[in-house]
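What follows is the content of data_20.pdb, which has PDB, C-alpha atoms:
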```
ATOM      1  CA  MET A   1      92.100  84.548 110.788
ATOM      2  CA  SER A   2      89.283  82.586 109.222
ATOM      3  CA  GLU A   3      87.495  79.746 110.946
ATOM      4  CA  LEU A   4      88.994  77.336 108.413
ATOM      5  CA  ASN A   5      92.524  78.508 109.099
ATOM      6  CA  ARG A   6      91.971  78.153 112.848
ATOM      7  CA  LEU A   7      90.607  74.665 112.320
ATOM      8  CA  VAL A   8      93.596  73.733 110.131
ATOM      9  CA  GLU A   9      95.969  74.924 112.870
ATOM     10  CA  THR A  10      94.028  73.074 115.559
ATOM     11  CA  ILE A  11      94.108  69.843 113.558
ATOM     12  CA  ALA A  12      97.869  70.175 113.003
ATOM     13  CA  SER A  13      98.449  70.829 116.696
ATOM     14  CA  ARG A  14      96.402  67.770 117.677
ATOM     15  CA  ARG A  15      98.791  65.451 115.802
ATOM     16  CA  ALA A  16     101.002  65.441 118.912
ATOM     17  CA  ALA A  17      98.087  65.104 121.354
ATOM     18  CA  ASP A  18      97.159  61.969 123.263
ATOM     19  CA  PRO A  19      94.807  59.841 121.113
ATOM     20  CA  GLU A  20      92.985  58.846 124.303
ATOM     21  CA  HIS A  21      91.925  62.476 124.800
ATOM     22  CA  SER A  22      91.653  63.864 121.257
ATOM     23  CA  TRP A  23      89.438  62.581 118.445
ATOM     24  CA  THR A  24      91.681  64.309 115.915
ATOM     25  CA  ALA A  25      94.819  62.703 117.359
ATOM     26  CA  LYS A  26      93.057  59.332 117.345
ATOM     27  CA  LEU A  27      92.076  59.729 113.692
ATOM     28  CA  LEU A  28      95.556  60.817 112.655
ATOM     29  CA  ALA A  29      97.131  57.952 114.607
ATOM     30  CA  SER A  30      94.823  55.488 112.849
ATOM     31  CA  GLY A  31      96.371  56.312 109.467
ATOM     32  CA  ARG A  32      95.459  57.778 106.112
ATOM     33  CA  GLU A  33      93.078  54.977 105.200
ATOM     34  CA  ARG A  34      90.906  55.521 108.284
ATOM     35  CA  CYS A  35      90.963  59.289 107.762
ATOM     36  CA  ALA A  36      89.856  58.762 104.154
ATOM     37  CA  GLN A  37      87.114  56.397 105.256
ATOM     38  CA  LYS A  38      85.758  58.904 107.790
ATOM     39  CA  PHE A  39      85.778  61.681 105.189
ATOM     40  CA  GLY A  40      83.906  59.417 102.777
ATOM     41  CA  GLU A  41      81.289  58.555 105.394
ATOM     42  CA  GLU A  42      80.688  62.207 106.214
ATOM     43  CA  ALA A  43      80.587  63.200 102.540
ATOM     44  CA  ILE A  44      77.949  60.537 101.850
ATOM     45  CA  GLU A  45      75.889  61.739 104.808
ATOM     46  CA  ALA A  46      76.079  65.286 103.404
ATOM     47  CA  VAL A  47      74.987  64.048  99.977
ATOM     48  CA  ILE A  48      71.996  62.270 101.483
ATOM     49  CA  ALA A  49      70.975  65.298 103.557
ATOM     50  CA  GLY A  50      71.357  67.556 100.521
ATOM     51  CA  SER A  51      69.376  65.276  98.241
ATOM     52  CA  ILE A  52      66.378  65.247 100.584
ATOM     53  CA  GLY A  53      66.565  68.963 101.287
ATOM     54  CA  ASP A  54      67.213  68.661 105.020
ATOM     55  CA  LYS A  55      68.943  72.000 105.601
ATOM     56  CA  GLN A  56      69.747  71.438 109.278
ATOM     57  CA  SER A  57      71.287  68.012 108.642
ATOM     58  CA  LEU A  58      73.135  69.247 105.569
ATOM     59  CA  THR A  59      74.634  72.104 107.576
ATOM     60  CA  SER A  60      75.803  69.701 110.268
ATOM     61  CA  GLU A  61      77.076  67.073 107.825
ATOM     62  CA  ALA A  62      78.865  69.723 105.748
ATOM     63  CA  ALA A  63      80.733  70.839 108.869
ATOM     64  CA  ASP A  64      81.652  67.209 109.586
ATOM     65  CA  ALA A  65      82.796  66.666 105.993
ATOM     66  CA  ILE A  66      84.943  69.809 105.989
ATOM     67  CA  TYR A  67      86.554  68.817 109.285
ATOM     68  CA  HIS A  68      87.275  65.279 108.088
ATOM     69  CA  LEU A  69      88.620  66.559 104.746
ATOM     70  CA  LEU A  70      91.057  68.780 106.642
ATOM     71  CA  VAL A  71      92.103  65.817 108.791
ATOM     72  CA  LEU A  72      92.637  63.775 105.616
ATOM     73  CA  LEU A  73      94.801  66.533 104.152
ATOM     74  CA  GLU A  74      96.844  66.639 107.378
ATOM     75  CA  ALA A  75      97.207  62.847 107.347
ATOM     76  CA  ASN A  76      98.614  63.081 103.812
ATOM     77  CA  GLY A  77     100.931  66.004 104.520
ATOM     78  CA  ILE A  78      99.032  68.351 102.225
ATOM     79  CA  ALA A  79      98.922  71.962 103.325
ATOM     80  CA  PHE A  80      95.514  73.623 103.259
ATOM     81  CA  GLN A  81      97.212  76.553 101.538
ATOM     82  CA  ASP A  82      98.055  74.239  98.621
ATOM     83  CA  VAL A  83      94.336  73.547  98.176
ATOM     84  CA  MET A  84      93.555  77.258  98.354
ATOM     85  CA  ASP A  85      96.294  77.973  95.799
ATOM     86  CA  GLU A  86      94.778  75.371  93.476
ATOM     87  CA  LEU A  87      91.344  76.977  93.822
ATOM     88  CA  ARG A  88      92.862  80.388  93.124
ATOM     89  CA  ARG A  89      94.594  79.000  90.020
ATOM     90  CA  ARG A  90      91.266  77.696  88.763
ATOM     91  CA  GLU A  91      89.585  81.098  89.091
ATOM     92  CA  SER A  92      91.219  82.191  85.843
ATOM     93  CA  SER A  93      89.212  79.762  83.707
ATOM     94  CA  SER A  94      85.606  78.693  83.466
ATOM     95  CA  GLY A  95      84.549  75.531  85.236
ATOM     96  CA  ILE A  96      83.721  73.893  81.925
ATOM     97  CA  ALA A  97      87.156  74.707  80.481
ATOM     98  CA  GLU A  98      88.844  73.573  83.690
ATOM     99  CA  LYS A  99      87.098  70.184  83.573
ATOM    100  CA  ARG A 100      87.952  69.794  79.889
ATOM    101  CA  ASN A 101      91.620  70.531  80.625
ATOM    102  CA  ARG A 102      91.608  67.813  83.301
ATOM    103  CA  GLY A 103      90.097  65.288  80.889
ATOM    104  CA  HIS A 104      86.564  65.343  82.294
ATOM    105  CA  PRO A 105      83.603  65.271  79.885
TER     106      PRO A 105
END
```
Could you show the structure in this file as structure tokens?
Amino acid sequence: MSELNRLVETIASRRAADPEHSWTAKLLASGRERCAQKFGEEAIEAVIAGSIGDKQSLTSEAADAIYHLLVLLEANGIAFQDVMDELRRRESSSGIAEKRNRGHP
């Protein structure tokens, strides 16, 4: 099992945990909006680290962003497998064609 799949399972299992003892449970209990906010914060921190070329910080912030994205998916009832299926579907076309089909310039 991949690290991502283990993390997805851990996040799902933490939904029922005590928010006083689990950061994930606390985030999930705080609602979708808070989960989205935390993902946004971590994504911005990753962007900043990447733009200045700080590899160590980018590695750490990327891990935080991935974790918080998975929590956001859980908070919205979206299965990680659905995201993987979407990525797999996109493999059959070029990135430029895919963006064009979604209405992106």
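Distances here use only C-alpha atoms; by that measure, the residue among A:Asn5, A:Val71, A:Asp64, A:Ala46 closest to Ser30 of chain A is A:Val71.
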I'd like the residues picked by the PyMOL selection byres ((chain A and resi 65) around 12) written out as a tab-separated table (two decimals) with C-alpha atoms, in the frame of the given file, using the chain letters and numbers from the file.
```
chain	number	residue	atom	x	y	z
A	35	CYS	CA	90.96	59.29	107.76
A	36	ALA	CA	89.86	58.76	104.15
A	37	GLN	CA	87.11	56.40	105.26
A	38	LYS	CA	85.76	58.90	107.79
A	39	PHE	CA	85.78	61.68	105.19
A	40	GLY	CA	83.91	59.42	102.78
A	41	GLU	CA	81.29	58.56	105.39
A	42	GLU	CA	80.69	62.21	106.21
A	43	ALA	CA	80.59	63.20	102.54
A	44	ILE	CA	77.95	60.54	101.85
A	45	GLU	CA	75.89	61.74	104.81
A	46	ALA	CA	76.08	65.29	103.40
A	47	VAL	CA	74.99	64.05	99.98
A	57	SER	CA	71.29	68.01	108.64
A	58	LEU	CA	73.14	69.25	105.57
A	59	THR	CA	74.63	72.10	107.58
A	60	SER	CA	75.80	69.70	110.27
A	61	GLU	CA	77.08	67.07	107.82
A	62	ALA	CA	78.86	69.72	105.75
A	63	ALA	CA	80.73	70.84	108.87
A	64	ASP	CA	81.65	67.21	109.59
A	66	ILE	CA	84.94	69.81	105.99
A	67	TYR	CA	86.55	68.82	109.28
A	68	HIS	CA	87.28	65.28	108.09
A	69	LEU	CA	88.62	66.56	104.75
A	70	LEU	CA	91.06	68.78	106.64
A	71	VAL	CA	92.10	65.82	108.79
A	72	LEU	CA	92.64	63.78	105.62
```
Expected axis-aligned box over every listed atom of segment 40-52 of chain A, 8 Å added per side, centre plus edges in Å to one decimal, as JSON:
```
{"center_x": 75.1, "center_y": 63.1, "center_z": 102.2, "size_x": 33.5, "size_y": 25.0, "size_z": 24.0}
```
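Distance annotation: of A:Ile96, A:Thr10, A:Asp54, A:Leu4, the residue with the minimal separation from Gln81 of chain A is A:Leu4; atom set is only C-alpha atoms.
Our summary of the geometry notes that atom CA of Arg32 of chain A is positioned 9.0 Å from atom CA of Leu73 of chain A.
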Output as a PDB file, keeping the file's coordinate frame: segment 52-63 of chain A, completed with all heavy atoms.
```pdb
ATOM      1  N   ILE A  52      67.751  65.216 100.054  1.00  0.00           N
ATOM      2  CA  ILE A  52      66.378  65.247 100.584  1.00  0.00           C
ATOM      3  C   ILE A  52      65.977  66.643 101.053  1.00  0.00           C
ATOM      4  O   ILE A  52      64.869  66.837 101.532  1.00  0.00           O
ATOM      5  CB  ILE A  52      66.177  64.206 101.712  1.00  0.00           C
ATOM      6  CG1 ILE A  52      67.083  64.490 102.910  1.00  0.00           C
ATOM      7  CG2 ILE A  52      66.390  62.801 101.182  1.00  0.00           C
ATOM      8  CD1 ILE A  52      66.825  63.589 104.115  1.00  0.00           C
ATOM      9  N   GLY A  53      66.891  67.584 100.939  1.00  0.00           N
ATOM     10  CA  GLY A  53      66.565  68.963 101.287  1.00  0.00           C
ATOM     11  C   GLY A  53      66.511  69.252 102.771  1.00  0.00           C
ATOM     12  O   GLY A  53      65.868  70.217 103.184  1.00  0.00           O
ATOM     13  N   ASP A  54      67.198  68.453 103.575  1.00  0.00           N
ATOM     14  CA  ASP A  54      67.213  68.661 105.020  1.00  0.00           C
ATOM     15  C   ASP A  54      68.324  69.664 105.348  1.00  0.00           C
ATOM     16  O   ASP A  54      69.482  69.301 105.514  1.00  0.00           O
ATOM     17  CB  ASP A  54      67.457  67.324 105.725  1.00  0.00           C
ATOM     18  CG  ASP A  54      67.378  67.412 107.241  1.00  0.00           C
ATOM     19  OD1 ASP A  54      67.567  68.515 107.801  1.00  0.00           O
ATOM     20  OD2 ASP A  54      67.155  66.356 107.873  1.00  0.00           O
ATOM     21  N   LYS A  55      67.954  70.934 105.427  1.00  0.00           N
ATOM     22  CA  LYS A  55      68.943  72.000 105.601  1.00  0.00           C
ATOM     23  C   LYS A  55      69.728  71.878 106.906  1.00  0.00           C
ATOM     24  O   LYS A  55      70.932  72.096 106.931  1.00  0.00           O
ATOM     25  CB  LYS A  55      68.270  73.370 105.517  1.00  0.00           C
ATOM     26  CG  LYS A  55      67.782  73.699 104.130  1.00  0.00           C
ATOM     27  CD  LYS A  55      67.149  75.068 104.087  1.00  0.00           C
ATOM     28  CE  LYS A  55      66.646  75.380 102.689  1.00  0.00           C
ATOM     29  NZ  LYS A  55      66.075  76.720 102.621  1.00  0.00           N
ATOM     30  N   GLN A  56      69.059  71.550 107.987  1.00  0.00           N
ATOM     31  CA  GLN A  56      69.747  71.438 109.278  1.00  0.00           C
ATOM     32  C   GLN A  56      70.764  70.303 109.243  1.00  0.00           C
ATOM     33  O   GLN A  56      71.908  70.468 109.667  1.00  0.00           O
ATOM     34  CB  GLN A  56      68.741  71.228 110.403  1.00  0.00           C
ATOM     35  CG  GLN A  56      69.391  71.175 111.771  1.00  0.00           C
ATOM     36  CD  GLN A  56      68.357  71.045 112.890  1.00  0.00           C
ATOM     37  OE1 GLN A  56      67.162  71.032 112.661  1.00  0.00           O
ATOM     38  NE2 GLN A  56      68.847  70.944 114.107  1.00  0.00           N
ATOM     39  N   SER A  57      70.352  69.144 108.732  1.00  0.00           N
ATOM     40  CA  SER A  57      71.287  68.012 108.642  1.00  0.00           C
ATOM     41  C   SER A  57      72.412  68.300 107.669  1.00  0.00           C
ATOM     42  O   SER A  57      73.565  67.945 107.927  1.00  0.00           O
ATOM     43  CB  SER A  57      70.547  66.739 108.219  1.00  0.00           C
ATOM     44  OG  SER A  57      69.717  66.283 109.256  1.00  0.00           O
ATOM     45  N   LEU A  58      72.092  68.928 106.546  1.00  0.00           N
ATOM     46  CA  LEU A  58      73.135  69.247 105.569  1.00  0.00           C
ATOM     47  C   LEU A  58      74.167  70.199 106.169  1.00  0.00           C
ATOM     48  O   LEU A  58      75.371  70.017 105.975  1.00  0.00           O
ATOM     49  CB  LEU A  58      72.545  69.840 104.293  1.00  0.00           C
ATOM     50  CG  LEU A  58      73.560  70.254 103.224  1.00  0.00           C
ATOM     51  CD1 LEU A  58      74.488  69.102 102.840  1.00  0.00           C
ATOM     52  CD2 LEU A  58      72.840  70.805 102.004  1.00  0.00           C
ATOM     53  N   THR A  59      73.708  71.175 106.920  1.00  0.00           N
ATOM     54  CA  THR A  59      74.634  72.104 107.576  1.00  0.00           C
ATOM     55  C   THR A  59      75.570  71.348 108.511  1.00  0.00           C
ATOM     56  O   THR A  59      76.791  71.543 108.492  1.00  0.00           O
ATOM     57  CB  THR A  59      73.853  73.179 108.346  1.00  0.00           C
ATOM     58  OG1 THR A  59      73.034  73.907 107.430  1.00  0.00           O
ATOM     59  CG2 THR A  59      74.789  74.141 109.067  1.00  0.00           C
ATOM     60  N   SER A  60      75.011  70.470 109.322  1.00  0.00           N
ATOM     61  CA  SER A  60      75.803  69.701 110.268  1.00  0.00           C
ATOM     62  C   SER A  60      76.753  68.740 109.552  1.00  0.00           C
ATOM     63  O   SER A  60      77.943  68.642 109.900  1.00  0.00           O
ATOM     64  CB  SER A  60      74.867  68.921 111.194  1.00  0.00           C
ATOM     65  OG  SER A  60      75.600  68.117 112.083  1.00  0.00           O
ATOM     66  N   GLU A  61      76.251  68.040 108.555  1.00  0.00           N
ATOM     67  CA  GLU A  61      77.076  67.073 107.825  1.00  0.00           C
ATOM     68  C   GLU A  61      78.154  67.773 106.998  1.00  0.00           C
ATOM     69  O   GLU A  61      79.264  67.244 106.841  1.00  0.00           O
ATOM     70  CB  GLU A  61      76.212  66.174 106.940  1.00  0.00           C
ATOM     71  CG  GLU A  61      75.235  65.294 107.693  1.00  0.00           C
ATOM     72  CD  GLU A  61      75.860  64.371 108.722  1.00  0.00           C
ATOM     73  OE1 GLU A  61      77.081  64.109 108.663  1.00  0.00           O
ATOM     74  OE2 GLU A  61      75.122  63.902 109.605  1.00  0.00           O
ATOM     75  N   ALA A  62      77.852  68.963 106.486  1.00  0.00           N
ATOM     76  CA  ALA A  62      78.865  69.723 105.748  1.00  0.00           C
ATOM     77  C   ALA A  62      80.012  70.108 106.675  1.00  0.00           C
ATOM     78  O   ALA A  62      81.189  70.009 106.300  1.00  0.00           O
ATOM     79  CB  ALA A  62      78.242  70.968 105.112  1.00  0.00           C
ATOM     80  N   ALA A  63      79.681  70.518 107.894  1.00  0.00           N
ATOM     81  CA  ALA A  63      80.733  70.839 108.869  1.00  0.00           C
ATOM     82  C   ALA A  63      81.575  69.608 109.172  1.00  0.00           C
ATOM     83  O   ALA A  63      82.809  69.681 109.222  1.00  0.00           O
ATOM     84  CB  ALA A  63      80.110  71.397 110.147  1.00  0.00           C
TER      85      ALA A  63
END
```
